Amino acid sequence: MEDQEPLKRLAGMVFSGIGVSGFFVLRGMVIFQSVINSACVGIFIRKRFWRIFPGLAVVVLLSTFVLGPLVTELPPLAYLRNSATYQYLFKNILLIPSGNLLPGVFHNNPRPEINGSLWTLRYEVLCYAGMLLFFVIPRRAHKAWALTVYLLSLSGMLLLSLKPGIVSAGLAYHLDNLFTLTTYFYSGVLLALWPQVWKPHVRILFPASLVLLTLLMWLLPGSMSWASVWIYPLLLISFGSQYSPVLQVGAKMGDISYGTYIYAYPIQQLLIASGVHEVGWLLFWSLLCSWLAGWCSYHFVEKQFIYRKKAR
C-alpha cells in the first residue's frame, strides 16, 4: 500500500514516516520542558510512564482479546490457547521487539502485522531514558550535552548509510531507527534550548523551509532523507508557531495524538481485511476512525492517569 502513496512516488517518502519524524521533533521539545519543570527525576519518570503505558496496555489488550478473536481464521479456543497470542500480548506491552503477529489474524492482508505503529515506542522510551542525564549534569551544560547527542546520532546515521554492511542486517535496522529518531528528537530539544535563534524569524522560516523542501523534492529527490533532518524540524515548528483558530482544535478535543497513533495501524488492517483497498478511501476511513479512537483513548483512558498524577 505504501508504494501507492503519491508522496512515495514523488520523493521516496511516506506520510507515516513524516508523521513519526514530526512526532519525535515535537516530543523532544515537550519532554525537555518536562525535564525543566520536574522537581526531581522520580516525578519525571512517573509523568512519562503514565503518559505512555496505560494507553499502550489498553490497545494491546483490545487487539489481543477483541480484534484477534473477531477476525482470526482459527477457532476461538485454538486462538486463545495458542502461545503466540500471549507472546504478542506481553512483548508489546513491555516494548520487546517481536514479529507483531497474532495467530490466524490478517494473514491475507498485504502485510500481516497487527500494529506496526508500536515499534517507535521503544525508541521513544530510550530517548526519555537519555533525558535523565539532564538531571545529573549542570544546567549550564545542557546545550553542550544536547548538541553532543544530536551530532553523535547524526554521525551514526551517516556511518550506516555510507557503510551499510558494517554490522549485521538485524542490528543495522535497530541502530538506524535509533539514530534517526534520536536525531529528530534532539532537534526538538535543541529548538527548545535555543528559542531566541529561531523564534524572531518564525514568520519567514515557514515559507522559506517549505519552498526549500519543495525544490529539493522536485530537483534532488534522492537528497530528501538527509535534507529533511535539518529542514523539516524548522518547517514543523515554524508552522506550529503560527497562531490560527484552525490550529486550536486540540484545545477543545483534547490531546488525541497518541491515541490516534497507536490505533491507526490496526484500524487500517481491519479496513483492508474488510475489503477497503483503494488508497483514497482507505486514508479517509482510517483517519476518521483513528481520530475517533484517539478521542476515546484520551478521554476514557489516558486523561484519567495524566491529570490524576499531574503528568503535564
# chains A, B, ... in the order shown; residues from 1 in each chain; ligands from 1
>>> residues_around(residues="Trp50 of chain A", least_positions_apart="2", cutoff="8 Å", atoms="only C-alpha atoms", output="compact mmCIF listing (two decimals) with N, CA and C atoms, in the first residue's frame")
# COMPACT_ATOMS: atom_id res chain seq x y z
N ARG A 46 7.59 9.20 36.51
CA ARG A 46 6.15 8.92 36.66
C ARG A 46 5.33 9.58 35.56
N LYS A 47 5.69 10.82 35.24
CA LYS A 47 4.99 11.52 34.16
C LYS A 47 5.03 10.72 32.87
N ARG A 48 6.22 10.29 32.50
CA ARG A 48 6.40 9.60 31.24
C ARG A 48 5.73 8.22 31.25
N ILE A 52 2.48 7.02 28.66
CA ILE A 52 2.63 6.02 27.60
C ILE A 52 1.90 4.72 27.90
N PHE A 53 2.11 4.15 29.08
CA PHE A 53 1.77 2.74 29.27
C PHE A 53 0.29 2.44 29.49
N PRO A 54 -0.52 3.28 30.11
CA PRO A 54 -1.94 2.92 30.19
C PRO A 54 -2.61 2.81 28.81
N GLU A 302 -6.28 7.70 28.85
CA GLU A 302 -5.07 8.49 29.12
C GLU A 302 -5.30 9.61 30.12
N PHE A 305 -5.15 9.04 33.92
CA PHE A 305 -3.84 8.89 34.55
C PHE A 305 -3.03 10.18 34.48
N ILE A 306 -3.14 10.91 33.35
CA ILE A 306 -2.37 12.13 33.17
C ILE A 306 -2.70 13.15 34.24
N LYS A 309 -2.32 12.01 38.09
CA LYS A 309 -0.93 12.02 38.54
C LYS A 309 -0.22 13.36 38.20
N ALA A 311 0.52 14.66 35.29
CA ALA A 311 1.64 14.32 34.41
C ALA A 311 1.94 15.36 33.37
>>> residues_around(residues="segment 111-117 of chain A", least_positions_apart="5", cutoff="9 Å", atoms="only C-alpha atoms", output="list of chain:residue names")
A:Val60, A:Ser63, A:Gly68, A:Gly99, A:Asn100, A:Leu101, A:Leu102, A:Val105, A:Phe106, A:Tyr261, A:Ile262, A:Tyr263, A:Ala264, A:Tyr265, A:Pro266, A:Ile267, A:Gln269
>>> residues_around(residues="His277 of chain A", least_positions_apart="4", cutoff="12 Å", atoms="only C-alpha atoms", output="PyMOL selection string")
chain A and resi 1-2+4+109-110+268-273+281-286
>>> atom_distance(atom1="atom CA of Ser241 of chain A", atom2="atom CA of Val301 of chain A")
28.9 Å
>>> residues_around(residues="Tyr79 of chain A", least_positions_apart="3", cutoff="9 Å", atoms="only C-alpha atoms", output="list in words")
Gly68, Pro69, Thr72, Glu73, Leu74, Pro75, Pro76, Asn82, Ser83, Ala84, Thr85, Leu102, Pro103 and Gly104 of chain A
>>> atom_distance(atom1="atom CA of Val20 of chain A", atom2="atom CA of Val58 of chain A")
21.1 Å
>>> residues_around(residues="segment 167-174 of chain A", least_positions_apart="6", cutoff="12 Å", atoms="only C-alpha atoms", output="list in words")
Pro97, Trp119, Thr120, Arg122, Tyr123, Gly156, Met157, Leu159, Leu160, Ser161, Thr180, Leu181 and Thr182 of chain A
>>> closest_residue(among="A:Ser155, A:Asn92, A:Ser290, A:Ser228", to="Ser209 of chain A", atoms="only C-alpha atoms")
A:Ser228
>>> select_by_dssp(residues="segment 80-200 of chain A", states="helix (DSSP H, G or I)", output="ChimeraX atom specification")
/A:80-81,83-93,119-135,139-162,169-193,195-200
>>> atom_distance(atom1="atom CA of Leu121 of chain A", atom2="atom CA of Gly55 of chain A")
11.8 Å
>>> residues_around(residues="Val30 of chain A", least_positions_apart="6", cutoff="9 Å", atoms="only C-alpha atoms", output="PDB file with N, CA and C atoms, in the first residue's frame")
ATOM      1  N   GLY A 188      14.282  18.653  18.325  1.00  0.00           N
ATOM      2  CA  GLY A 188      13.302  19.343  19.158  1.00  0.00           C
ATOM      3  C   GLY A 188      13.897  19.878  20.443  1.00  0.00           C
ATOM      4  N   VAL A 189      14.795  19.088  21.059  1.00  0.00           N
ATOM      5  CA  VAL A 189      15.462  19.549  22.280  1.00  0.00           C
ATOM      6  C   VAL A 189      16.272  20.818  22.007  1.00  0.00           C
ATOM      7  N   ALA A 192      14.136  23.772  21.637  1.00  0.00           N
ATOM      8  CA  ALA A 192      13.664  24.234  22.944  1.00  0.00           C
ATOM      9  C   ALA A 192      14.754  24.983  23.701  1.00  0.00           C
TER      10      ALA A 192
END
>>> closest_residue(among="A:His142, A:Thr260, A:Leu292, A:Ser297", to="Ala57 of chain A", atoms="only C-alpha atoms")
A:Ser297
